[in-house]
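Notes for the one structure printed next.
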Amino acid sequence: MSNFNDSFVHEEGEAQYPLAPAPRSRRSTIRSPQATNIPVLAQNVLSDSSSSSSPDVPFSVTRTPPSPVIQLSPAFRQSLPLAASPPPFALVSRGSPLEDEEEKDEEKDEFPHQAPSFRPRRHHFEHEEHEENPEICHLAEEMLHHAGSLLVTPPSRAMLTPTRRHPHTPYNSPEVLHLDDDGHSQHEMPEFVTKALILQWNSEIGNSHNVSRATKLIERMRQLGGLDPSPDGGPIDIPASRIGLCLLSGLNNQENKIHALTSLLEILKADNYSKGNSVQLVTLAIQLLRLMNREVMQAVDIDAQTKIAQVYNVLAETLHHHYGKHHINALTEELKEQLIQTAKSIERLNRLEEVELKFQAHCALEGVRRLKDDKQELFDIAERMYHTIVGATQLYLGDASGEAFPELERAFSGLDPHMPTAWYDAILVLKRMARDIQEDPSLREADDPDMPNKPKESKKLTPLLMFIGENYRQLNWKFTYAAVEVLFQLSLHGPNEKIRSRAFNGAKQLGRDFPGLASFIDCHDMNDYTSYKPMVHLERPHTIDPNIRIRHAAIKHVHDLLDHSQDEQIRKKAAFIIRRRERVEEDPHVMSAIQRKNSY
């Protein structure tokens with residue numbers, strides 16, 4: 001090793017250390033007399049019995065148990081940059097002298113003498129008795145750790161003693177990491193979320209570091225979206241956080257995927273429908289389409305499919321609200337058609353008839369169908385009528401082999417007959433009423449412990465219970481399913497104790513027309529219907545009892561209240577009605593929910 005001098009300092013003040021110069025070959029140059037080898041340097045330092053200090057070496061070593069102590073020389077310490085620690089340098093591999101002749105051909109692979117590139121490389125070590133001294137390796141490791149960053153991974157394999165070292169194979173050889181052009185480590189926390197980053201992490205199967213790094217990125221996106229407080233008081237950028245979480249939802253790891261989807265869902269539900277939040281909302285829909293590709297959706301489990309469908313459903317509602325406020329304009333006909341087909345594909349894949357997934361997929365399909373597009377409907381109707389008349393005329397004249405059938409085909413091609421459904425309109429009204437109750441400022445003030453007044457009940461809660469009681473028997477079961485979800489949210493996160501208690505118990509003094517969440521645990525008065533969907537697979541049509549679905553959903557929510565409710569009276573009542581229902585329930589699916597077994 002040569003003396004540290006000013007010739008190794010660039011004009012910008014960046015120090016360069018000649019500990020590991022750029023070799024012409026990976027192994028031959030390391031053993032050349034001109035190149036510095038760290039274990040050889042350590043051998044020379046250890047040759048002294050007590051301590052070593054040389055003008056050619058910028059440090060001194062004292063051999064005292066339990067390990068040698070390294071001290072940097074004053075001249076070397078003064079030459080280091082003041083603003084930051086010295087840049088890291090790599091511990092290069094060791095080779096055998098028997099390989100000199102074999103490596104002459106490798107000189108064609110010359111490395112240019114420039115800033116080293118950070119590429120994870122594996123160097124396969126041969127058995128070398130003259131360099132297997134573990135004390136030398138430990139000293140070299142200590143020296144690098146003191147002067148810079150240690151880049152040998154994993155140290156438990158790279159610095160094993162000769163008695164514990166395993167035979168070197170392409171699968172257990174130590175990894176030697178070199179510096180990148182930007183000086184960052186491979187396992188360093190990425191700063192931004194990109195599509196290339198998601199593809200890279202998905203391709204690195206078995207890399208446990210990516211799970212923790214993805215979790216930190218999701219937490220950063222939550223802070224960017226305003227869900228969690230930022231420690232450094234950073235800015236709030238809801239559109240950017242939504243796109244970032246959507247990209248992170250494409251990770252193959254189940255934990256990261258569900259975490260990102262849940263965070264994205266919370267941001268969409270917390271939307272205040274301001275004009276700033278409408279930015280990149282259509283871009284989010286396009287990005288979500290890629291996540292909901294049929295090939296991708298069939299490869300994830302039901303929990304992930306359900307969460308994606310829920311995000312899709314809430315996104316369709318958010319687009320409706322922003323369009324009604326004139327924040328965004330109509331979509332293209334092609335994009336709307338893709339949104340519709342994506343929702344249909346989710347519903348078709350649900351061959352197990354999973355209730356939550358079925359509900360979310362149907363709501364999402366109904367929502368995207370109502371989005372405004374640039375289609376000229378009057379011109380489209382006139383064009384279809386023209387082809388219908390021409391085809392009918394050809395059939396009347398007996399020219400069935402001519403243009404009759406092609407004209408009729410053009411008349412009905414791409415036709416998607418759809419009439420607005422009352423149950424979806426009722427769900428939108430129900431959610432709007434529940435949101436008004438949650439955002440009522442007078443209720444928040446009444447729940448303040450410093451206020452002397454007792455908790456007040458919102459004047460809008462009783463109309464909400466009445467609206468549910470009047471429609472849950474008449475409308476589709478999906479409305480009742482949504483009503484159970486709304487009552488559960490009010491029972492768990494209501495503005496004050498009185499609101500939470502009334503949402504859970506209902507207005508018993510007014511009868512069953514004002515039901516609460518607890519009322520639907522005994523739901524039995526909804527009409528059955530016939531499902532013809534299995535017939536496409538040559539199966540018999542099914543008779544569906546929606547009461548089972550509603551009881552199953554209500555019991556799952558009551559279990560959640562039993563675990564997370566802040567009101568003792570609600571927890572006691574929840575435990576009582578679950579025990580009571582267990583004595584009378586006959587359906588095995590509902591019984592599994594009562595006993596907290598598999599879902600429906």
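Chain labels follow the order of the structure tokens: the first chain is A, the next B, and so on; residue numbering restarts at 1 in every chain, and ligands are counted from 1 in their shown order.
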Determine, for each residue of range 187-261 of chain A having at least one atom at most 12 Å from an atom of range 293-301 of chain A, the closest pair of atoms and their separation in Å to one decimal, counting only C-alpha atoms; order by chain and ascending number, as JSON lines.
{"residue": "A:Ser249", "atom": "CA", "partner": "A:Val300", "partner_atom": "CA", "distance": 11.5}
{"residue": "A:Gly250", "atom": "CA", "partner": "A:Val296", "partner_atom": "CA", "distance": 9.1}
{"residue": "A:Leu251", "atom": "CA", "partner": "A:Val300", "partner_atom": "CA", "distance": 10.8}
{"residue": "A:Asn252", "atom": "CA", "partner": "A:Val300", "partner_atom": "CA", "distance": 8.6}
{"residue": "A:Asn253", "atom": "CA", "partner": "A:Val300", "partner_atom": "CA", "distance": 10.2}
{"residue": "A:Gln254", "atom": "CA", "partner": "A:Val300", "partner_atom": "CA", "distance": 8.6}
{"residue": "A:Lys257", "atom": "CA", "partner": "A:Val300", "partner_atom": "CA", "distance": 10.0}
{"residue": "A:Ile258", "atom": "CA", "partner": "A:Asp301", "partner_atom": "CA", "distance": 10.9}
With N, CA and C atoms retained, write the just-selected residues as a PDB file, in the first residue's frame.
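Okay, again.pdb is ready:
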ATOM      1  N   SER A 249     -49.329  -2.472  -4.867  1.00  0.00           N
ATOM      2  CA  SER A 249     -50.296  -3.570  -4.795  1.00  0.00           C
ATOM      3  C   SER A 249     -49.980  -4.673  -5.780  1.00  0.00           C
ATOM      4  N   GLY A 250     -49.104  -4.393  -6.730  1.00  0.00           N
ATOM      5  CA  GLY A 250     -48.710  -5.405  -7.691  1.00  0.00           C
ATOM      6  C   GLY A 250     -47.607  -6.323  -7.213  1.00  0.00           C
ATOM      7  N   LEU A 251     -47.154  -6.161  -5.979  1.00  0.00           N
ATOM      8  CA  LEU A 251     -46.126  -7.046  -5.441  1.00  0.00           C
ATOM      9  C   LEU A 251     -46.691  -8.445  -5.218  1.00  0.00           C
ATOM     10  N   ASN A 252     -45.847  -9.435  -5.397  1.00  0.00           N
ATOM     11  CA  ASN A 252     -46.283 -10.819  -5.241  1.00  0.00           C
ATOM     12  C   ASN A 252     -46.436 -11.223  -3.784  1.00  0.00           C
ATOM     13  N   ASN A 253     -45.737 -10.541  -2.884  1.00  0.00           N
ATOM     14  CA  ASN A 253     -45.833 -10.888  -1.475  1.00  0.00           C
ATOM     15  C   ASN A 253     -47.234 -10.576  -0.958  1.00  0.00           C
ATOM     16  N   GLN A 254     -47.872 -11.541  -0.325  1.00  0.00           N
ATOM     17  CA  GLN A 254     -49.269 -11.382   0.108  1.00  0.00           C
ATOM     18  C   GLN A 254     -49.405 -10.301   1.168  1.00  0.00           C
ATOM     19  N   LYS A 257     -49.043  -6.907  -0.459  1.00  0.00           N
ATOM     20  CA  LYS A 257     -50.165  -6.630  -1.362  1.00  0.00           C
ATOM     21  C   LYS A 257     -51.398  -6.183  -0.579  1.00  0.00           C
ATOM     22  N   ILE A 258     -51.756  -6.931   0.476  1.00  0.00           N
ATOM     23  CA  ILE A 258     -52.942  -6.589   1.263  1.00  0.00           C
ATOM     24  C   ILE A 258     -52.738  -5.258   1.988  1.00  0.00           C
TER      25      ILE A 258
END
In Å, rounded to a single decimal, give me how far CA of Lys325 in chain A is from CA of Ala260 in chain A.
->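 Between CA of Ala260 in chain A and CA of Lys325 in chain A the gap is 28.2 Å.
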Find the spatial neighbours of Ile594 in chain A, counting only C-alpha atoms, within a cut-off of 12 Å - ignore same-chain residues fewer than 6 positions away - and output them as a PyMOL selection string.
-> chain A and resi 521+551-560+574-575+577-588+600
Between CA of Met189 in chain A and CA of Ile286 in chain A, what is the distance, to one decimal in Å?
->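 That distance, rounded to one decimal, is 27.8 Å.
Relative to CA of Phe359 in chain A, CA of Lys478 in chain A is found at 6.3 Å.
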Please provide as a PyMOL selection string all residues within 10 Å of Thr462 in chain A, with the sequence filter that same-chain residues fewer than 6 positions apart are discarded (counting only C-alpha atoms).
-> chain A and resi 468+502-503+506-507+514-515
Which residue out of A:Leu561, A:Leu461, A:Arg348, A:Arg571 has the minimum interatomic distance to Pro534 in chain A when only C-alpha atoms are used?
->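 Selected residue with least distance to Pro534 in chain A: A:Arg348.
If you measure from each of A:Tyr273, A:Tyr472, A:Phe467, A:Phe504 to Leu490 in chain A using only C-alpha atoms, the closest one turns out to be A:Phe504.
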List the neighbours of Ala482 in chain A out to 9 Å using only C-alpha atoms; skip same-chain residues closer than 2 positions along the sequence, and give me the result as a VMD selection string.
-> chain A and resid 359 427 430 to 431 477 to 480 484 to 487
Compile the contact shell of Lys275 in chain A as a PyMOL selection string: residues with an atom at most 10 Å away, counting only C-alpha atoms, same-chain residues fewer than 6 positions apart removed.
-> chain A and resi 322+325-328
Selection from above, N, CA, C and O atoms, as a CSV table (one decimal), in the first residue's frame, can you write it?
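As a result, out.csv now contains:
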chain,number,residue,atom,x,y,z
A,322,HIS,N,-66.8,13.0,-8.3
A,322,HIS,CA,-66.0,14.1,-8.9
A,322,HIS,C,-66.6,14.5,-10.3
A,322,HIS,O,-66.5,15.7,-10.6
A,325,LYS,N,-69.3,16.9,-9.5
A,325,LYS,CA,-68.8,18.2,-9.1
A,325,LYS,C,-68.1,19.0,-10.2
A,325,LYS,O,-67.5,20.0,-9.9
A,326,HIS,N,-68.1,18.4,-11.4
A,326,HIS,CA,-67.5,19.0,-12.6
A,326,HIS,C,-66.0,19.1,-12.4
A,326,HIS,O,-65.3,20.1,-12.9
A,327,HIS,N,-65.4,18.2,-11.7
A,327,HIS,CA,-63.9,18.2,-11.5
A,327,HIS,C,-63.2,17.4,-12.7
A,327,HIS,O,-62.1,17.7,-13.0
A,328,ILE,N,-63.9,16.4,-13.2
A,328,ILE,CA,-63.4,15.6,-14.3
A,328,ILE,C,-64.4,15.5,-15.4
A,328,ILE,O,-65.6,15.7,-15.1
